[in-house]
Structure formats: C-alpha cells, structure tokens
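Chemist: Quick one, structure.txt (compact mmCIF, C-alpha atoms):
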# COMPACT_ATOMS: atom_id res chain seq x y z
CA MET A 12 0.00 0.00 0.00
CA ILE A 13 1.32 3.42 -0.97
CA VAL A 14 0.31 6.83 0.31
CA VAL A 15 1.29 9.55 -2.15
CA LYS A 16 1.27 13.28 -1.50
CA ALA A 17 1.90 15.85 -4.22
CA GLY A 18 2.12 19.54 -3.45
CA GLY A 19 0.14 22.07 -5.41
CA ARG A 20 3.07 23.39 -7.44
CA VAL A 21 4.30 20.02 -8.71
CA LEU A 22 0.71 18.95 -9.31
CA GLU A 23 0.07 22.02 -11.45
CA ASN A 24 3.30 21.46 -13.38
CA ASN A 25 2.89 17.76 -13.95
CA MET A 26 -0.60 16.63 -13.01
CA THR A 27 -1.28 14.22 -15.86
CA ASN A 28 2.01 12.38 -15.41
CA ILE A 29 1.54 12.13 -11.65
CA LEU A 30 -1.98 10.78 -12.07
CA ASN A 31 -0.91 8.35 -14.78
CA SER A 32 1.83 7.16 -12.45
CA ILE A 33 -0.71 6.67 -9.66
CA ALA A 34 -2.94 4.79 -12.10
CA ALA A 35 -0.06 2.46 -12.91
CA GLN A 36 0.47 1.73 -9.20
CA ARG A 37 -3.17 1.17 -8.32
CA GLY A 38 -2.73 -2.58 -7.98
CA HIS A 39 -0.70 -1.91 -4.82
CA GLY A 40 -3.48 0.16 -3.27
CA VAL A 41 -2.97 3.91 -3.47
CA VAL A 42 -4.17 6.75 -1.31
CA PHE A 43 -3.40 10.13 -2.87
CA VAL A 44 -3.33 13.24 -0.69
CA HIS A 45 -3.14 16.40 -2.73
CA GLY A 46 -1.93 19.87 -1.84
CA GLY A 47 -2.86 23.09 -3.60
CA GLY A 48 -1.93 26.07 -1.45
CA ASP A 49 -0.96 28.17 -4.47
CA VAL A 50 -4.31 27.54 -6.13
CA VAL A 51 -6.10 28.51 -2.91
CA SER A 52 -4.08 31.76 -2.85
CA ARG A 53 -5.05 32.53 -6.45
CA PHE A 54 -8.74 32.08 -5.73
CA GLU A 55 -8.50 34.09 -2.53
CA LYS A 56 -6.96 36.99 -4.43
CA ALA A 57 -9.65 36.73 -7.10
CA LEU A 58 -12.22 37.05 -4.32
CA GLY A 59 -10.44 40.05 -2.81
CA ILE A 60 -8.85 38.18 0.11
CA GLU A 61 -5.13 38.67 0.68
CA PRO A 62 -3.57 35.35 1.79
CA LYS A 63 -1.65 35.58 5.05
CA ILE A 64 1.38 33.38 5.49
CA VAL A 65 2.96 33.00 8.92
CA VAL A 66 6.22 31.40 10.02
CA SER A 67 6.56 29.29 13.15
CA PRO A 68 9.59 29.63 15.46
CA SER A 69 11.16 26.57 13.85
CA GLY A 70 10.77 28.08 10.39
CA ILE A 71 7.65 26.30 9.14
CA ARG A 72 5.63 28.50 6.77
CA SER A 73 1.89 28.10 6.80
CA ARG A 74 -1.35 29.74 5.81
CA LEU A 75 -3.27 31.61 8.46
CA THR A 76 -6.85 30.64 7.75
CA ASP A 77 -9.65 32.88 8.95
CA GLU A 78 -13.40 32.38 8.64
CA ARG A 79 -13.59 33.59 5.03
CA GLU A 80 -10.43 31.82 3.99
CA ILE A 81 -11.54 28.40 5.23
CA GLU A 82 -14.52 28.69 2.89
CA VAL A 83 -12.28 29.33 -0.11
CA TYR A 84 -9.81 26.71 1.09
CA ASN A 85 -12.53 24.08 1.27
CA MET A 86 -14.05 25.08 -2.08
CA VAL A 87 -10.70 24.82 -3.86
CA MET A 88 -9.35 21.74 -2.10
CA SER A 89 -12.43 19.55 -1.70
CA GLY A 90 -14.33 20.97 -4.66
CA LYS A 91 -12.08 21.96 -7.50
CA LEU A 92 -8.85 20.01 -7.00
CA GLY A 93 -10.21 16.80 -5.49
CA LYS A 94 -12.88 16.46 -8.14
CA GLU A 95 -10.58 17.34 -11.04
CA ILE A 96 -8.18 14.62 -9.94
CA SER A 97 -11.07 12.17 -9.55
CA ALA A 98 -12.44 13.11 -12.98
CA TYR A 99 -9.10 12.54 -14.66
CA LEU A 100 -8.64 9.08 -13.13
CA ASN A 101 -12.22 7.90 -13.56
CA ALA A 102 -12.27 9.05 -17.18
CA ARG A 103 -9.32 6.73 -17.79
CA GLY A 104 -10.92 3.68 -16.23
CA VAL A 105 -9.31 4.01 -12.80
CA ARG A 106 -12.02 3.83 -10.17
CA ALA A 107 -11.24 6.65 -7.82
CA VAL A 108 -13.16 8.36 -5.07
CA SER A 109 -12.46 11.90 -3.93
CA LEU A 110 -13.08 12.58 -0.25
CA SER A 111 -11.97 15.24 2.13
CA GLY A 112 -11.02 14.38 5.68
CA VAL A 113 -14.48 15.60 6.65
CA ASP A 114 -16.32 12.83 4.80
CA ALA A 115 -17.26 10.00 7.17
CA GLY A 116 -14.94 11.77 9.61
CA ILE A 117 -11.93 10.15 7.94
CA ILE A 118 -9.61 12.78 9.40
CA ARG A 119 -10.57 14.43 12.66
CA ALA A 120 -8.64 17.30 14.11
CA GLN A 121 -8.59 19.68 17.01
CA ARG A 122 -8.78 23.32 16.12
CA LYS A 123 -5.74 25.31 17.18
CA LYS A 124 -7.34 28.41 18.58
CA ARG A 125 -3.97 30.06 19.22
CA ILE A 126 -0.67 29.51 17.48
CA ILE A 127 2.85 30.76 18.05
CA ILE A 128 4.61 32.57 15.22
CA MET A 129 7.72 34.59 14.51
CA ASP A 130 6.38 37.98 13.48
CA GLU A 131 7.80 40.29 10.82
CA ARG A 132 10.17 41.78 13.40
CA GLY A 133 11.57 38.34 14.24
CA ARG A 134 9.81 38.25 17.62
CA LYS A 135 7.74 35.38 19.01
CA ARG A 136 4.08 36.10 19.34
CA ILE A 137 0.86 34.19 20.07
CA ILE A 138 -1.96 34.96 17.67
CA ASP A 139 -5.42 33.59 16.94
CA GLY A 140 -4.96 30.39 14.99
CA GLY A 141 -8.08 30.64 12.89
CA TYR A 142 -9.18 27.42 11.27
CA THR A 143 -6.12 25.20 11.27
CA GLY A 144 -6.14 21.90 13.05
CA SER A 145 -3.97 19.27 14.67
CA ILE A 146 -4.92 15.82 13.46
CA THR A 147 -6.25 13.66 16.27
CA ARG A 148 -7.55 10.60 14.43
CA VAL A 149 -7.56 8.96 11.01
CA ASP A 150 -10.10 6.24 10.18
CA GLY A 151 -7.70 3.68 8.75
CA GLU A 152 -10.36 0.98 8.78
CA LEU A 153 -12.62 2.81 6.33
CA LEU A 154 -9.69 3.65 4.07
CA THR A 155 -8.65 -0.01 4.10
CA GLN A 156 -12.17 -1.02 3.10
CA LEU A 157 -12.20 1.46 0.22
CA LEU A 158 -8.81 0.25 -0.98
CA GLY A 159 -10.08 -3.32 -0.67
CA MET A 160 -12.83 -2.42 -3.13
CA GLY A 161 -10.14 -1.56 -5.66
CA LEU A 162 -10.62 2.18 -5.37
CA VAL A 163 -7.89 4.77 -5.53
CA VAL A 164 -8.69 7.09 -2.63
CA ILE A 165 -8.06 10.79 -3.16
CA ILE A 166 -7.99 12.85 0.03
CA SER A 167 -8.26 16.64 0.20
CA PRO A 168 -6.52 18.10 3.26
CA VAL A 169 -9.58 19.36 5.12
CA ALA A 170 -10.41 17.87 8.52
CA LEU A 171 -13.49 17.65 10.69
CA GLY A 172 -13.13 19.66 13.88
CA GLU A 173 -14.57 18.77 17.27
CA GLU A 174 -17.37 21.30 16.88
CA GLY A 175 -18.16 20.26 13.32
CA GLU A 176 -16.04 22.99 11.80
CA LEU A 177 -13.93 22.61 8.67
CA LEU A 178 -10.20 22.83 9.37
CA ASN A 179 -7.18 23.43 7.20
CA ILE A 180 -4.64 20.67 7.75
CA ASP A 181 -1.33 20.55 6.00
CA GLY A 182 -1.15 18.00 3.17
CA ASP A 183 2.20 16.54 4.23
CA THR A 184 0.91 16.15 7.77
CA ALA A 185 -2.29 14.55 6.51
CA ALA A 186 -0.38 12.13 4.27
CA SER A 187 1.89 11.19 7.17
CA ALA A 188 -1.06 10.53 9.47
CA VAL A 189 -2.92 8.54 6.80
CA ALA A 190 0.16 6.44 6.05
CA ALA A 191 0.65 5.76 9.77
CA ALA A 192 -3.00 4.76 10.24
CA LEU A 193 -2.72 2.33 7.32
CA LYS A 194 0.77 1.12 8.26
CA ALA A 195 1.55 1.72 4.60
CA GLU A 196 4.59 0.18 2.99
CA THR A 197 5.63 3.51 1.51
CA LEU A 198 4.84 7.16 2.00
CA ALA A 199 5.86 9.11 -1.12
CA LEU A 200 6.13 12.89 -0.81
CA LEU A 201 6.42 14.30 -4.32
CA THR A 202 7.89 17.75 -4.60
CA ASP A 203 9.46 20.12 -7.12
CA VAL A 204 13.06 19.34 -6.17
CA GLU A 205 15.10 16.14 -6.31
CA GLY A 206 14.88 15.41 -2.60
CA VAL A 207 16.50 16.71 0.58
CA ILE A 208 19.46 18.88 -0.33
CA ILE A 209 22.08 19.80 2.27
CA ASP A 210 25.13 21.87 1.32
CA GLY A 211 24.22 21.45 -2.34
CA GLN A 212 24.20 17.65 -2.14
CA LEU A 213 21.24 15.28 -2.36
CA VAL A 214 20.92 13.28 0.87
CA LYS A 215 20.14 9.72 -0.19
CA LYS A 216 19.14 8.27 3.15
CA ILE A 217 18.05 9.59 6.52
CA ARG A 218 17.35 7.41 9.52
CA CYS A 219 14.41 8.52 11.62
CA GLY A 220 16.57 9.30 14.60
CA GLU A 221 18.75 11.63 12.54
CA ALA A 222 15.89 13.70 11.13
CA ASN A 223 15.49 16.27 13.92
CA ALA A 224 19.18 17.09 13.97
CA LEU A 225 19.11 17.84 10.24
CA LEU A 226 16.12 20.19 10.26
CA GLU A 227 18.14 23.36 10.81
CA LYS A 228 20.16 22.68 7.67
CA ILE A 229 17.08 22.10 5.52
CA GLY A 230 15.11 24.91 3.90
CA ALA A 231 11.57 26.02 4.66
CA GLY A 232 9.00 23.68 3.17
CA MET A 233 11.36 20.73 3.02
CA ASN A 234 11.86 20.74 6.80
CA ARG A 235 8.20 19.95 7.31
CA LYS A 236 8.35 17.08 4.82
CA VAL A 237 11.31 15.55 6.63
CA MET A 238 9.56 15.89 10.00
CA MET A 239 6.39 14.29 8.69
CA ALA A 240 8.24 11.53 6.83
CA ALA A 241 10.17 10.64 9.98
CA LYS A 242 7.01 10.71 12.08
CA ALA A 243 5.24 8.30 9.72
CA VAL A 244 8.16 5.86 9.77
CA GLU A 245 8.37 6.09 13.58
CA GLN A 246 4.69 5.12 13.63
CA GLY A 247 5.12 1.98 11.56
CA VAL A 248 5.28 3.02 7.90
CA GLY A 249 7.87 0.89 6.09
CA ARG A 250 9.71 3.84 4.59
CA ALA A 251 9.14 7.33 3.29
CA VAL A 252 10.60 8.76 0.11
CA ILE A 253 10.87 12.46 -0.66
CA CYS A 254 11.48 12.82 -4.38
CA SER A 255 10.73 14.85 -7.46
CA GLY A 256 7.24 14.70 -8.89
CA GLU A 257 8.48 15.87 -12.27
CA GLY A 258 8.96 13.74 -15.38
CA PRO A 259 6.88 11.06 -17.09
CA ASP A 260 6.52 8.50 -14.26
CA PRO A 261 7.34 10.10 -10.91
CA LEU A 262 6.47 7.04 -8.81
CA SER A 263 9.09 4.96 -10.65
CA ARG A 264 11.54 6.87 -8.43
CA LEU A 265 10.34 4.81 -5.48
CA GLU A 266 12.17 1.84 -6.98
CA ASP A 267 15.19 3.37 -8.66
CA GLY A 268 16.85 4.91 -5.62
CA SER A 269 16.10 8.51 -6.58
CA GLY A 270 15.27 11.06 -3.96
CA THR A 271 15.74 10.82 -0.21
CA GLU A 272 14.65 7.71 1.65
CA ILE A 273 13.69 7.96 5.31
CA THR A 274 14.03 4.63 7.03
CA PRO A 275 13.56 3.20 10.51
CA ASP A 276 16.54 3.46 12.88
CA MET B 26 10.66 50.90 28.22
CA PRO B 27 7.59 49.97 30.25
CA GLU B 28 8.43 47.96 33.37
CA LEU B 29 5.91 45.27 34.17
CA SER B 30 5.52 42.85 37.03
CA CYS B 31 6.35 39.18 36.52
CA PRO B 32 3.33 37.10 37.65
CA VAL B 33 5.62 34.21 38.55
CA CYS B 34 8.37 35.71 40.73
CA GLY B 35 7.01 39.20 41.33
CA GLY B 36 10.12 40.85 39.92
CA THR B 37 10.08 43.55 37.30
CA MET B 38 10.60 43.10 33.62
CA ALA B 39 11.14 45.74 30.95
CA VAL B 40 9.39 45.20 27.65
CA PRO B 41 10.13 47.16 24.46
CA GLU B 42 8.03 50.24 23.67
CA ASP B 43 6.86 48.62 20.44
CA ALA B 44 5.83 45.30 22.02
CA LEU B 45 2.55 43.89 20.72
CA ALA B 46 -0.21 41.92 22.41
CA GLY B 47 0.59 38.23 22.42
CA GLU B 48 4.34 38.79 22.26
CA LEU B 49 6.35 36.30 24.27
CA PHE B 50 9.19 37.11 26.63
CA GLU B 51 11.41 35.08 28.87
CA HIS B 52 11.94 36.68 32.24
CA GLY B 53 15.69 36.79 32.73
CA ASP B 54 15.41 36.50 36.54
CA CYS B 55 13.15 33.46 36.90
CA GLY B 56 13.10 32.01 33.37
CA ALA B 57 9.30 32.13 33.09
CA GLN B 58 7.77 32.35 29.62
CA LEU B 59 5.44 35.34 29.69
CA GLU B 60 2.83 36.66 27.29
CA LEU B 61 2.12 40.36 26.95
CA ILE B 62 -1.52 41.27 27.47
CA VAL B 63 -2.79 44.64 26.26
CA ASP B 64 -6.29 45.60 27.41
CA ASP B 65 -8.79 47.85 25.64
CA ASN B 66 -7.28 50.92 27.31
CA GLY B 67 -3.80 50.04 26.10
CA SER B 68 -2.60 48.98 29.55
CA MET B 69 0.07 46.30 29.46
CA SER B 70 0.52 43.34 31.79
CA LEU B 71 2.21 39.96 31.69
CA LYS B 72 0.77 36.51 32.24
CA MET B 73 2.27 33.06 32.19
CA ALA B 74 2.33 31.91 28.58
CA GLU B 75 0.13 28.91 28.09
CA GLU B 76 1.57 25.93 26.32
CA VAL B 77 0.91 26.66 22.67
CA ALA B 78 2.37 24.09 20.37
CA GLU B 79 3.64 25.05 16.98
CA ASP B 80 1.09 24.08 14.47
CA TRP B 81 0.30 24.87 10.92
CA GLY B 82 -2.01 24.24 8.04
CA GLU B 83 -1.40 23.85 4.34
Can you dump the structure from the file as structure tokens?

Modeler:
Amino acid sequence: MIVVKAGGRVLENNMTNILNSIAAQRGHGVVFVHGGGDVVSRFEKALGIEPKIVVSPSGIRSRLTDEREIEVYNMVMSGKLGKEISAYLNARGVRAVSLSGVDAGIIRAQRKKRIIIMDERGRKRIIDGGYTGSITRVDGELLTQLLGMGLVVIISPVALGEEGELLNIDGDTAASAVAAALKAETLALLTDVEGVIIDGQLVKKIRCGEANALLEKIGAGMNRKVMMAAKAVEQGVGRAVICSGEGPDPLSRLEDGSGTEITPD
Amino acid sequence: MPELSCPVCGGTMAVPEDALAGELFEHGDCGAQLELIVDDNGSMSLKMAEEVAEDWGE
C-alpha cells in the first residue's frame, strides 16, 4: 500500500504524469493526498482576500486561515482540485473516489485556537490560529475497506473539527497521518526538487533518529516534509521517500533509488 | 521601556516600547515564559504563557 502526497506546485506542473503514475500503481493500493496552497491563494486573491502566510519559530511556513479563507480553502481543495483529480482518473478507467477528511470523519482534528509565530520583526508572538487543526484521528479501517474495493482514494486536506467545523490541515501532515494509520509500505512525498538537499548535495538516506538534527540545515517547506516523513516511519510506515514529482513517471523513483529515503533506525 | 511585574516571581521586567499583544518574553530573573496582554485601554501586563504548540495548516 502506498500513500502519495503531491504539493500544489508540482501537481500544477505535472498533473497528468503524476496521475498516470498513480494509475499504474493502483494494484498496490494507493491513497493520494493532494496539496494546492498556491491555487487557494489565487482564488483568494480573485475574491479580494489577501492570503496571510505566517512562520513558526522553527521556520515552518503556513497559511493563516480565517473564517472567510476556510470557505475558499474548502471550495478549492475539496471541490475543484479533489474532483478534477477524480475526474481525470475515472475518465481513464481508474475507479477513484475523492473525499476530504471531513467525509465519514476520515480525518478528525482539534482546532488550534492560538498559534505561536515569529512575526515580521523576528519576535515570538501568540496569535489567533483561525481554522487550522492538529490531526487527532484517522479512520484507517474505512480507508482499508475502500482500498479493498479496488478504489484509488483521493484525500483533500480538510479535517473535521470537534465542533463540526472545517479545518485546514497541511497536506504533508495529513499524508503522514494517513500512512501511519494504514501502516503503509511507503509514503511518497512528491515535490518540485530532487529530494532533501544539504550543502548542495542530495541526501540519499536519513534514519528517523537523525531527522530532527538535520532540520536546521534544511530549507523552509522541506523541513516539514522531513519531520512528517520521519514521524510516519516512527509510527510503523515501512519507509518514506521524498522525491521529485516531475517527469513522465514520478512514482518509478520509489524503486530506482532517486530522492531521499527515510528509514527506521 | 515599560516595566511590568512578573506574575511568577514578582520581579520587574522591561518590555520594548513597540511590544505587541501576544508577544512572548522570557523573564531573565526566573526564566518564566510570559505573554504580553494589552487591554482595551492600552494597559500592558504579563501573564504566564500557556503551552501553545507550533502548528500549521497547508
């Protein structure tokens, strides 16, 4: 079983190849978690909403999602992107179902009412967290049943909050939690670079226990992927691979040693 | 710089003039993590910072 996550940028650049690659792997059982932050930002701007990006003290960039933004976020993620991906696969004979974490409560989360950020002056500050959530539970049993029916499961990164609210959850974090719940063989995080680069060199392998020590040397965006990959492997996923989602068959990289492999200690 | 009272050890702590509500400070004397509170009248005070984990969305 493979859990694949592709970020919005690589998906926009190379969607058909990524989806064809997923189609080719469907015999293994595939859950596909998609991103799409850039697309959400475009739609927000079109609706007159200026996206707000905040940075956590450890350098993680994220979207601050207020009441209006969660509406756009959900429309773009669960509506536009999830259904476009589903349409592409189903039109080519791959039975796929597009769900958000809200559906059947597949992904439940606790709303973070307050979050800590580094503000524009480089000072730590607590602010209202809006509608982002920390994942508390993934229904692995339902996902296993859907995969058992031969379906490719597409998941949009929107979670069900404790008070029934929609919550923005990061796609890498969602993919990590889904992979852990399924005890997947592989978690594949497809991105727009070759893998984890440190001092200009591709890192071929990282053991879970080494991941935290490397985070400082890894750029924003990639640091979160490494954290989430290591977390999934710590929780029983066979391995995680962070690799490029470019080219004709991105998932072939899982077998040819490309990218960065995160393995158990 | 405004001097405020530390709610943990009772000592004083200076915060920058441009400090904003929610800003976090470590009290050099007792090591407490403190959050700046600014009320509707603009009065500043400090309270123990609650545990707020880093978290993020997409």

Chemist: Can you tell me, as an mmCIF file with C-alpha atoms, in the frame of the given file, what residues are no more than 6 Å from segment 216-233 of chain A when counting all atoms listed in the file, ignoring any on the same chain fewer than 3 positions away?

Modeler:
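Result file is out_36.cif:
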data_model
loop_
_atom_site.group_PDB
_atom_site.id
_atom_site.type_symbol
_atom_site.label_atom_id
_atom_site.label_comp_id
_atom_site.auth_asym_id
_atom_site.auth_seq_id
_atom_site.Cartn_x
_atom_site.Cartn_y
_atom_site.Cartn_z
ATOM 1 C CA ILE A 71 7.650 26.300 9.140
ATOM 2 C CA LYS A 236 8.350 17.080 4.820
ATOM 3 C CA ALA A 241 10.170 10.640 9.980
ATOM 4 C CA THR A 271 15.740 10.820 -0.210
ATOM 5 C CA GLU A 272 14.650 7.710 1.650
ATOM 6 C CA ILE A 273 13.690 7.960 5.310
ATOM 7 C CA THR A 274 14.030 4.630 7.030
ATOM 8 C CA PRO A 275 13.560 3.200 10.510
ATOM 9 C CA ASP A 276 16.540 3.460 12.880
#

Chemist: Rank nothing, just name the residue among A:Glu78, A:Asp139, A:Glu174, A:Asp181 nearest to chain B, using only C-alpha atoms.

Modeler: A:Asp181

Chemist: Find the spatial neighbours of Ser109 of chain A, counting all atoms listed in the file, within a cut-off of 8 Å - ignore same-chain residues fewer than 4 positions away - and output them as a list in words.

Modeler: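 Once the nearby chain positions are removed, what remains is Ser89, Gly93, Lys94, Ile96, Ser97, Val164, Ile165, Ile166 and Ser167 of chain A.
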
Chemist: Go through A:Val108, A:Ile138, A:Gly70, A:Ile117 and flag the residue nearest Leu49 of chain B, using all atoms listed in the file for the distances.

Modeler: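 Going through A:Val108, A:Ile138, A:Gly70, A:Ile117 one by one, the smallest distance to Leu49 of chain B is for A:Ile138.
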
Chemist: Kindly indicate which residue among B:Ala39, B:Leu71, B:Leu29, B:Ala44 lies nearest to Leu59 of chain B, using all atoms listed in the file for the distances.

Modeler: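 Selected residue with least distance to Leu59 of chain B: B:Leu71.
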
Chemist: I want to know what sits within 12 Å of Thr155 of chain A, based on all atoms listed in the file, with residues of the same chain fewer than 4 positions away left out; could you give that as a ChimeraX atom specification?

Modeler: /A:12-14,40-42,117,149-151,159-164,189-190,192-195

Chemist: Give me the residues within 7 Å of Val63 of chain B as a list in words, counting only C-alpha atoms and dropping any in the same chain fewer than 6 places off.

Modeler: Ala46, Met69 and Ser70 of chain B

Chemist: Any chance you could tabulate, as a Markdown table, the residues of chain A at most 6 Å from chain B with each one's nearest atom pair and distance in Å to one decimal, using all atoms listed in the file, in chain and rising number order?

Modeler:
| residue | atom | partner | partner_atom | distance |
| --- | --- | --- | --- | --- |
| A:Ser73 | CA | B:Trp81 | CA | 5.5 |
| A:Arg74 | CA | B:Gly82 | CA | 6.0 |
| A:Ile127 | CA | B:Glu79 | CA | 5.9 |
| A:Lys135 | CA | B:Leu49 | CA | 5.5 |
| A:Arg136 | CA | B:Glu48 | CA | 4.0 |
| A:Ile137 | CA | B:Gly47 | CA | 4.7 |
| A:Thr143 | CA | B:Gly82 | CA | 5.3 |
| A:Asn179 | CA | B:Gly82 | CA | 5.3 |
| A:Ile180 | CA | B:Gly82 | CA | 4.4 |
| A:Asp181 | CA | B:Glu83 | CA | 3.7 |
| A:Gly182 | CA | B:Glu83 | CA | 6.0 |

Chemist: Considering all atoms listed in the file, state which residue in the set A:Ala185, A:Ile128, A:Ile253, A:Ile81 is at the smallest distance from Gly46 of chain A.

Modeler: A:Ala185

Chemist: Could you please determine the separation between atom CA of Glu28 of chain B and atom CA of Cys55 of chain B in Å, to one decimal place?

Modeler: 15.7 Å

Chemist: Please report the interatomic distance between atom CA of Leu178 of chain A and atom CA of Glu80 of chain A in Å with one decimal.

Modeler: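 Rounded to one decimal, the two atoms are 10.5 Å apart.
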
Chemist: Figure out the distance between atom CA of Ile126 of chain A and atom CA of Val51 of chain A, please, to one decimal in Å.

Modeler: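 Computing it gives 21.1 Å between the two atoms.
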
Chemist: Near segment 256-269 of chain A, within 12 Å and counting all atoms listed in the file, which residues show up once chain neighbours fewer than 5 positions away are dropped, as a PyMOL selection string?

Modeler: chain A and resi 13-37+41+43+196-207+213-216+250-251

Chemist: With distances taken over all atoms listed in the file, which of A:Lys242, A:Tyr84, A:Gly38, A:Glu173 is nearest to Val105 of chain A?

Modeler: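 Checking each candidate against Val105 of chain A, we get A:Gly38 as the closest.
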